[in-house]
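J.: Could you have a look at this structure, given as structure tokens, before my questions?
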2 protein chains.
Amino acid sequence: MYIGIDLGGTGIKAGLVTKDCKILHTDHVPTNAGRHYSEIIADMAALAKKVVIDAGHTLDEIESVGIGSPGTADDKNGILVYSCNLKFDNVPMREEFKKHWNIPVYMGNDANCAAWGEYSYLNDPTIDDFIAITLGTGVGGGVIINKQVYSGFNGAAVEIGHFKVRENGVPCTCGRCGCWERYASVTALIRITKEKMEKCPDSLMHIEAGKEGKVTGRTSFMAAKAGDTAAREVVDEYIKNIAEGIVSVINIFQPNKLVIGGAISKEGDKLLNPIKEFVQKYSYVKNSPHTEISIASLGNDAGIIGAAMLGH
Amino acid sequence: MYIGIDLGGTGIKAGLVTKDCKILHTDHVPTNAGRHYSEIIADMAALAKKVVIDAGHTLDEIESVGIGSPGTADDKNGILVYSCNLKFDNVPMREEFKKHWNIPVYMGNDANCAAWGEYSYLNDPTIDDFIAITLGTGVGGGVIINKQVYSGFNGAAVEIGHFKVRENGVPCTCGRCGCWERYASVTALIRITKEKMEKCPDSLMHIEAGKEGKVTGRTSFMAAKAGDTAAREVVDEYIKNIAEGIVSVINIFQPNKLVIGGAISKEGDKLLNPIKEFVQKYSYVKNSPHTEISIASLGNDAGIIGAAMLGH
């Protein structure tokens, strides 16, 4: 059994995970980001141990701990090189964790961990090259090449949301304008929804937003389902934004399989089918086998499971 | 010693290459594309043997033959899956070649071969991840990951010119609009140059184009060097187009090194320095080591050398 830790800017989640990617028990504590790393890592270790004990197991049953965190993780040297969200700069994460629990510790970027979780869960030895894309506040992603997480020479790949898709586009958090993330994230969907709602005061989107108290990623999908034309246009534009980017990603990587995760992936076939159709039509490859596209399997658990499976 | 063959839509080039990536002798014959593959492959084998003999060597000194060709090569099965330029469809290239010369035969996509040639020539064991981009009629590229050519699950990666950078952009040969290739290739530079020349009848670009008898990739660079403002604007726009794409490519791959090849790379530092400056400024990575960017070393020989080094 392994422990997977998902260290976020807001919360620390830990899970006890079996060799076949099943979560037996999870728990969480607040990160209280801004504290010294030694305090945060002490909380991580305490939480990890608590998860084992609360599940009725003993620490010596655990083979390793994996830690997924935002930013750039250098697993080779056990250093969290940089994390903006956590205000961490060259933190000796492995060494510090081992002060509390002397066990093999693996580290990875959170998006890479989520991809590794999805890949490990598939447990399909015919798949060498695999991509998981997460549509959330931003667009994250992880790439598995030759059955291994690919993170570039400096550990900072794969910022898959940050290729530019528009000239003079929407300003991005990364300092450029027009990154894919600005058009394919849930944040982008909400922006597009609000813009259309302003232009269309009679749209059912106003009713749907009213029900939830605010405009969310569901607003346009719900109103489109109820037959609203303006909402349909929002959904179509958003799906095209996603699909355009996925064609570009596939033209570059040609993975066996690409999965789409994040809250919006709950829309299922309503999201997936038009994307598949678009990719089939516009992909560079015409005469070779095509990448299989599907919805991610693990939801929010992908990060914990992937962290747990690091090194395995 | 190895033989590298660069099979193009117009010509077949073959070279005798040493283990340390030096070309001893080359020769070429026309492809006459449209012929049956057996005729073209017979010509390739005859040319390969001729190159060995003409250089004063014997066939038994040759360890292997590598063939680089446009389209999708399946080296595992020895099949050229598809090549639009050659009108080839599932051609049993290895088997057919061996009828003429029974020697180990390796196959690869031409852009991947060029990247492999540049990478092999560097002979730097500290470089795991490497990208070569060729700016020519289109934008080609090859990616080395973990010291191996990356070509995806179907052999059709890496179409690095075919990620979309503009909404409603210039139509691309791949069926989409606004691909990077439409803005960063020499074809794109010529288009931008012509557009500016129409708007600026007094520009020195008209003189420069007159000297060469037509507008080329050099027209704007020459006129800019002579102080022409309109030409300067063309060069600046073109370089920005290249640099924007390179930032995107680096955000995704984070390779140790990226080299820029193709005819336009002869502009050297005039091309390279502004690209480096732009990438430094807009790259996603701020606190990690940056990809080294330079001009490719091998020019037109990269394809032959890379093909020769396939399997080594």
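Each chain in the structure tokens gets a letter, A, B, ..., in the order shown, and its residues are numbered from 1; ligands are numbered from 1 in order too.
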Counting only C-alpha atoms, what is within 12 Å of Pro171 (chain A), bar same-chain residues fewer than 5 positions away, as an MDAnalysis selection string?
T.: chainID A and resid 162 164:166 176:183 188
J.: Can you write just those residues out, N, CA, C and O atoms, as a CSV table (one decimal), in the first residue's frame?
T.:
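Done, and the output landed in again03.csv:
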```csv
chain,number,residue,atom,x,y,z
A,162,HIS,N,-0.7,26.6,-21.9
A,162,HIS,CA,0.0,27.8,-22.2
A,162,HIS,C,0.7,27.8,-23.6
A,162,HIS,O,1.9,28.1,-23.7
A,164,LYS,N,-0.2,29.6,-27.3
A,164,LYS,CA,-1.0,30.7,-27.7
A,164,LYS,C,-1.9,30.3,-28.9
A,164,LYS,O,-1.4,29.8,-29.9
A,165,VAL,N,-3.2,30.6,-28.7
A,165,VAL,CA,-4.1,30.3,-29.8
A,165,VAL,C,-4.8,31.5,-30.4
A,165,VAL,O,-5.6,31.4,-31.3
A,166,ARG,N,-4.5,32.7,-29.9
A,166,ARG,CA,-5.1,33.9,-30.4
A,166,ARG,C,-4.1,35.0,-30.5
A,166,ARG,O,-3.3,35.2,-29.5
A,176,ARG,N,1.5,36.3,-21.0
A,176,ARG,CA,1.2,36.4,-22.4
A,176,ARG,C,-0.3,36.7,-22.6
A,176,ARG,O,-1.0,36.9,-21.7
A,177,CYS,N,-0.7,36.8,-23.9
A,177,CYS,CA,-2.1,37.0,-24.2
A,177,CYS,C,-2.5,35.8,-25.1
A,177,CYS,O,-1.8,35.4,-25.9
A,178,GLY,N,-3.8,35.4,-24.9
A,178,GLY,CA,-4.3,34.4,-25.9
A,178,GLY,C,-3.9,33.0,-25.7
A,178,GLY,O,-4.0,32.2,-26.6
A,179,CYS,N,-3.5,32.6,-24.5
A,179,CYS,CA,-3.1,31.2,-24.2
A,179,CYS,C,-4.4,30.3,-24.3
A,179,CYS,O,-5.5,30.8,-24.0
A,180,TRP,N,-4.2,29.1,-24.7
A,180,TRP,CA,-5.4,28.1,-24.8
A,180,TRP,C,-6.2,28.1,-23.6
A,180,TRP,O,-7.5,28.1,-23.6
A,181,GLU,N,-5.6,28.2,-22.4
A,181,GLU,CA,-6.2,28.2,-21.1
A,181,GLU,C,-7.3,29.3,-21.0
A,181,GLU,O,-8.3,29.1,-20.3
A,182,ARG,N,-7.0,30.4,-21.7
A,182,ARG,CA,-8.0,31.5,-21.6
A,182,ARG,C,-9.3,31.3,-22.4
A,182,ARG,O,-10.2,32.1,-22.4
A,183,TYR,N,-9.3,30.2,-23.1
A,183,TYR,CA,-10.5,29.8,-24.0
A,183,TYR,C,-11.1,28.5,-23.6
A,183,TYR,O,-12.2,28.2,-24.0
A,188,ALA,N,-12.8,30.4,-18.5
A,188,ALA,CA,-13.1,30.9,-19.8
A,188,ALA,C,-14.6,30.7,-20.2
A,188,ALA,O,-15.2,31.7,-20.7
```
J.: Select residues of chain B: the criterion is any atom within 9 Å of an atom of chain A, counting only C-alpha atoms; output as JSON, numbers by chain.
T.: {"B": [72, 81, 82, 89, 127, 128, 129, 145, 150, 151, 152, 153, 154, 155, 156, 157, 158, 159, 160, 161, 162, 163, 164, 165, 166, 167, 174, 175, 176, 178, 179, 244, 245, 247, 248, 249, 250, 251, 252, 253, 254, 255, 256, 281, 282, 283, 284, 285, 287, 288, 289, 290, 291]}
J.: So what do you get for CA of Asp236 (chain B) versus CA of Ile144 (chain B), distance-wise?
T.: 29.6 Å
J.: Applying 12 Å and only C-alpha atoms, which residues near Ala226 (chain A) remain after dropping the ones on its own chain fewer than 6 positions away? List them as a ChimeraX atom specification.
T.: /A:203-205,207-208,219-220,232
J.: Find the residues near Gly136 (chain A): any atom within 8 Å, counting only C-alpha atoms, skip ones fewer than 3 places away on the same chain, and give them as a list in words.
T.: Val139, Gly140, Ser185, Val186, Thr187, Gly262, Ala263 and Ile264 of chain A
J.: Could you write out that same residue set with N, CA and C atoms as a short mmCIF file (atom, residue, chain, number, x, y, z; two decimals), in the first residue's frame?
T.:
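Generated file (again_15.cif):
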```
data_model
loop_
_atom_site.label_atom_id
_atom_site.label_comp_id
_atom_site.auth_asym_id
_atom_site.auth_seq_id
_atom_site.Cartn_x
_atom_site.Cartn_y
_atom_site.Cartn_z
N VAL A 139 -6.09 25.42 -17.49
CA VAL A 139 -6.02 24.16 -18.22
C VAL A 139 -4.69 23.52 -17.86
N GLY A 140 -4.77 22.40 -17.15
CA GLY A 140 -3.56 21.68 -16.77
C GLY A 140 -3.44 20.42 -17.59
N SER A 185 -10.60 26.79 -20.36
CA SER A 185 -10.80 26.52 -18.93
C SER A 185 -12.25 26.81 -18.54
N VAL A 186 -12.63 26.38 -17.36
CA VAL A 186 -13.97 26.72 -16.86
C VAL A 186 -14.06 28.23 -16.63
N THR A 187 -12.96 28.82 -16.21
CA THR A 187 -12.90 30.28 -16.08
C THR A 187 -13.29 30.95 -17.40
N GLY A 262 -11.51 17.20 -15.01
CA GLY A 262 -11.95 18.48 -14.44
C GLY A 262 -13.46 18.46 -14.31
N ALA A 263 -13.99 19.43 -13.54
CA ALA A 263 -15.43 19.44 -13.22
C ALA A 263 -16.29 19.37 -14.47
N ILE A 264 -15.87 20.07 -15.53
CA ILE A 264 -16.70 20.17 -16.73
C ILE A 264 -16.83 18.82 -17.44
#
```
J.: May I ask for the distance between CA of Met93 (chain B) and CA of Asp54 (chain B), given in Å to one decimal place?
T.: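 Spanning CA of Met93 (chain B) to CA of Asp54 (chain B) is a straight-line distance of 24.6 Å.
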J.: Just to confirm, what's the straight-line distance from CA of Ser265 (chain B) to CA of Gly299 (chain B) in Å (one decimal)?
T.: 8.7 Å
J.: Which residue out of B:Leu189, B:Ala231, B:Ile5, B:Val91 has the minimum interatomic distance to Gly108 (chain B) when only C-alpha atoms are used?
T.: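 Going through B:Leu189, B:Ala231, B:Ile5, B:Val91 one by one, the smallest distance to Gly108 (chain B) is for B:Ile5.
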J.: Would you pick out the contacts of Asn273 (chain A) at 10 Å or less, using only C-alpha atoms, so that residues sharing its chain but fewer than 4 positions from it are not included, and give the list as a list of chain:residue names?
T.: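 Skipping anything fewer than 4 positions along the chain leaves A:Ile239, A:Gly268, A:Asp269, A:Glu277, A:Phe278, A:Val279, A:Ile293, A:Ser294.
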J.: Could you please write out, as an MDAnalysis selection string, every residue of region 230-308 of chain A that DSSP assigns to strand (DSSP E)?
T.: chainID A and resid 257:261 292:295
J.: Please provide as number ranges by chain all residues within 12 Å of Cys200 (chain B), with the sequence filter that same-chain residues fewer than 3 positions apart are discarded (counting only C-alpha atoms).
T.: B: 193-197, 203-206, 228-231, 233-234
J.: Could you write out that same residue set with N, CA, C and O atoms as a PDB file, in the first residue's frame?
T.:
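Ended up saving to selection33.pdb:
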```
ATOM      1  N   THR B 193       5.987  39.674 -46.744  1.00  0.00           N
ATOM      2  CA  THR B 193       6.820  40.612 -47.514  1.00  0.00           C
ATOM      3  C   THR B 193       6.023  41.199 -48.680  1.00  0.00           C
ATOM      4  O   THR B 193       5.994  42.428 -48.890  1.00  0.00           O
ATOM      5  N   LYS B 194       5.370  40.344 -49.436  1.00  0.00           N
ATOM      6  CA  LYS B 194       4.592  40.815 -50.599  1.00  0.00           C
ATOM      7  C   LYS B 194       3.477  41.770 -50.184  1.00  0.00           C
ATOM      8  O   LYS B 194       3.224  42.783 -50.838  1.00  0.00           O
ATOM      9  N   GLU B 195       2.801  41.422 -49.082  1.00  0.00           N
ATOM     10  CA  GLU B 195       1.702  42.279 -48.601  1.00  0.00           C
ATOM     11  C   GLU B 195       2.228  43.671 -48.267  1.00  0.00           C
ATOM     12  O   GLU B 195       1.623  44.689 -48.620  1.00  0.00           O
ATOM     13  N   LYS B 196       3.375  43.711 -47.586  1.00  0.00           N
ATOM     14  CA  LYS B 196       3.950  45.001 -47.192  1.00  0.00           C
ATOM     15  C   LYS B 196       4.433  45.774 -48.420  1.00  0.00           C
ATOM     16  O   LYS B 196       4.287  47.009 -48.490  1.00  0.00           O
ATOM     17  N   MET B 197       5.015  45.060 -49.401  1.00  0.00           N
ATOM     18  CA  MET B 197       5.508  45.724 -50.616  1.00  0.00           C
ATOM     19  C   MET B 197       4.366  46.393 -51.381  1.00  0.00           C
ATOM     20  O   MET B 197       4.523  47.488 -51.916  1.00  0.00           O
ATOM     21  N   SER B 203       9.406  51.149 -50.813  1.00  0.00           N
ATOM     22  CA  SER B 203      10.302  50.351 -49.967  1.00  0.00           C
ATOM     23  C   SER B 203      11.465  49.774 -50.775  1.00  0.00           C
ATOM     24  O   SER B 203      11.322  49.407 -51.945  1.00  0.00           O
ATOM     25  N   LEU B 204      12.610  49.692 -50.123  1.00  0.00           N
ATOM     26  CA  LEU B 204      13.793  49.079 -50.750  1.00  0.00           C
ATOM     27  C   LEU B 204      13.565  47.605 -51.066  1.00  0.00           C
ATOM     28  O   LEU B 204      14.339  46.995 -51.812  1.00  0.00           O
ATOM     29  N   MET B 205      12.526  47.024 -50.473  1.00  0.00           N
ATOM     30  CA  MET B 205      12.244  45.608 -50.743  1.00  0.00           C
ATOM     31  C   MET B 205      12.002  45.378 -52.238  1.00  0.00           C
ATOM     32  O   MET B 205      12.351  44.321 -52.762  1.00  0.00           O
ATOM     33  N   HIS B 206      11.451  46.419 -52.932  1.00  0.00           N
ATOM     34  CA  HIS B 206      11.233  46.285 -54.383  1.00  0.00           C
ATOM     35  C   HIS B 206      12.570  46.152 -55.114  1.00  0.00           C
ATOM     36  O   HIS B 206      12.697  45.359 -56.043  1.00  0.00           O
ATOM     37  N   ASP B 228      15.702  50.129 -44.435  1.00  0.00           N
ATOM     38  CA  ASP B 228      14.315  50.328 -44.874  1.00  0.00           C
ATOM     39  C   ASP B 228      13.330  50.025 -43.729  1.00  0.00           C
ATOM     40  O   ASP B 228      13.346  48.932 -43.148  1.00  0.00           O
ATOM     41  N   THR B 229      12.479  50.990 -43.403  1.00  0.00           N
ATOM     42  CA  THR B 229      11.571  50.848 -42.262  1.00  0.00           C
ATOM     43  C   THR B 229      10.511  49.777 -42.485  1.00  0.00           C
ATOM     44  O   THR B 229      10.227  48.972 -41.593  1.00  0.00           O
ATOM     45  N   ALA B 230       9.916  49.782 -43.664  1.00  0.00           N
ATOM     46  CA  ALA B 230       8.866  48.795 -43.955  1.00  0.00           C
ATOM     47  C   ALA B 230       9.439  47.382 -43.863  1.00  0.00           C
ATOM     48  O   ALA B 230       8.801  46.463 -43.325  1.00  0.00           O
ATOM     49  N   ALA B 231      10.651  47.198 -44.380  1.00  0.00           N
ATOM     50  CA  ALA B 231      11.299  45.882 -44.330  1.00  0.00           C
ATOM     51  C   ALA B 231      11.573  45.480 -42.877  1.00  0.00           C
ATOM     52  O   ALA B 231      11.386  44.329 -42.495  1.00  0.00           O
ATOM     53  N   GLU B 233       9.836  46.306 -40.352  1.00  0.00           N
ATOM     54  CA  GLU B 233       8.559  45.878 -39.769  1.00  0.00           C
ATOM     55  C   GLU B 233       8.217  44.433 -40.164  1.00  0.00           C
ATOM     56  O   GLU B 233       7.697  43.668 -39.365  1.00  0.00           O
ATOM     57  N   VAL B 234       8.525  44.093 -41.428  1.00  0.00           N
ATOM     58  CA  VAL B 234       8.278  42.717 -41.881  1.00  0.00           C
ATOM     59  C   VAL B 234       9.135  41.741 -41.079  1.00  0.00           C
ATOM     60  O   VAL B 234       8.647  40.733 -40.559  1.00  0.00           O
TER      61      VAL B 234
END
```
J.: Would you kindly return, as a list in words, each protein, DNA or RNA residue with an atom no farther than 8 Å from any atom of Ala132 (chain A), considering only C-alpha atoms and excluding same-chain residues fewer than 3 positions away?
T.: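 Neighbouring residues, sequence-local ones excluded: Ala114, Ala115, Glu118, Gly141, Gly142, Val143, Leu258, Val259, Ile260, Gly261 and Ala296 of chain A.
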J.: Next, write the just-selected residues to a file, as a PDB file, in the first residue's frame, keeping N, CA, C and O atoms as the atom set.
T.:
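part35.pdb written:
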```pdb
ATOM      1  N   ALA A 114      -1.832  13.785 -11.533  1.00  0.00           N
ATOM      2  CA  ALA A 114      -3.190  13.439 -11.967  1.00  0.00           C
ATOM      3  C   ALA A 114      -3.123  12.583 -13.238  1.00  0.00           C
ATOM      4  O   ALA A 114      -3.841  11.579 -13.370  1.00  0.00           O
ATOM      5  N   ALA A 115      -2.242  12.964 -14.165  1.00  0.00           N
ATOM      6  CA  ALA A 115      -2.096  12.187 -15.398  1.00  0.00           C
ATOM      7  C   ALA A 115      -1.556  10.795 -15.093  1.00  0.00           C
ATOM      8  O   ALA A 115      -2.018   9.790 -15.650  1.00  0.00           O
ATOM      9  N   GLU A 118      -4.385   8.649 -13.693  1.00  0.00           N
ATOM     10  CA  GLU A 118      -5.279   8.157 -14.755  1.00  0.00           C
ATOM     11  C   GLU A 118      -4.604   7.039 -15.553  1.00  0.00           C
ATOM     12  O   GLU A 118      -5.224   6.034 -15.894  1.00  0.00           O
ATOM     13  N   GLY A 141      -2.299  19.807 -17.471  1.00  0.00           N
ATOM     14  CA  GLY A 141      -2.150  18.563 -18.209  1.00  0.00           C
ATOM     15  C   GLY A 141      -0.912  17.820 -17.801  1.00  0.00           C
ATOM     16  O   GLY A 141       0.017  18.385 -17.215  1.00  0.00           O
ATOM     17  N   GLY A 142      -0.929  16.540 -18.087  1.00  0.00           N
ATOM     18  CA  GLY A 142       0.240  15.716 -17.861  1.00  0.00           C
ATOM     19  C   GLY A 142       0.406  14.801 -19.052  1.00  0.00           C
ATOM     20  O   GLY A 142      -0.575  14.414 -19.687  1.00  0.00           O
ATOM     21  N   VAL A 143       1.662  14.500 -19.368  1.00  0.00           N
ATOM     22  CA  VAL A 143       1.963  13.694 -20.539  1.00  0.00           C
ATOM     23  C   VAL A 143       2.806  12.497 -20.104  1.00  0.00           C
ATOM     24  O   VAL A 143       3.823  12.669 -19.418  1.00  0.00           O
ATOM     25  N   LEU A 258      -6.019  10.076 -25.006  1.00  0.00           N
ATOM     26  CA  LEU A 258      -6.079  11.382 -24.344  1.00  0.00           C
ATOM     27  C   LEU A 258      -7.369  11.425 -23.535  1.00  0.00           C
ATOM     28  O   LEU A 258      -8.437  11.105 -24.062  1.00  0.00           O
ATOM     29  N   VAL A 259      -7.267  11.768 -22.252  1.00  0.00           N
ATOM     30  CA  VAL A 259      -8.480  11.853 -21.434  1.00  0.00           C
ATOM     31  C   VAL A 259      -8.696  13.289 -20.960  1.00  0.00           C
ATOM     32  O   VAL A 259      -7.746  14.045 -20.745  1.00  0.00           O
ATOM     33  N   ILE A 260      -9.963  13.639 -20.830  1.00  0.00           N
ATOM     34  CA  ILE A 260     -10.356  14.992 -20.431  1.00  0.00           C
ATOM     35  C   ILE A 260     -10.956  14.927 -19.034  1.00  0.00           C
ATOM     36  O   ILE A 260     -11.931  14.207 -18.813  1.00  0.00           O
ATOM     37  N   GLY A 261     -10.359  15.665 -18.105  1.00  0.00           N
ATOM     38  CA  GLY A 261     -10.858  15.674 -16.741  1.00  0.00           C
ATOM     39  C   GLY A 261     -11.214  17.075 -16.280  1.00  0.00           C
ATOM     40  O   GLY A 261     -11.219  18.023 -17.060  1.00  0.00           O
ATOM     41  N   ALA A 296     -11.928  11.409 -18.387  1.00  0.00           N
ATOM     42  CA  ALA A 296     -11.056  10.847 -17.351  1.00  0.00           C
ATOM     43  C   ALA A 296     -11.873  10.019 -16.357  1.00  0.00           C
ATOM     44  O   ALA A 296     -13.073  10.250 -16.178  1.00  0.00           O
TER      45      ALA A 296
END
```
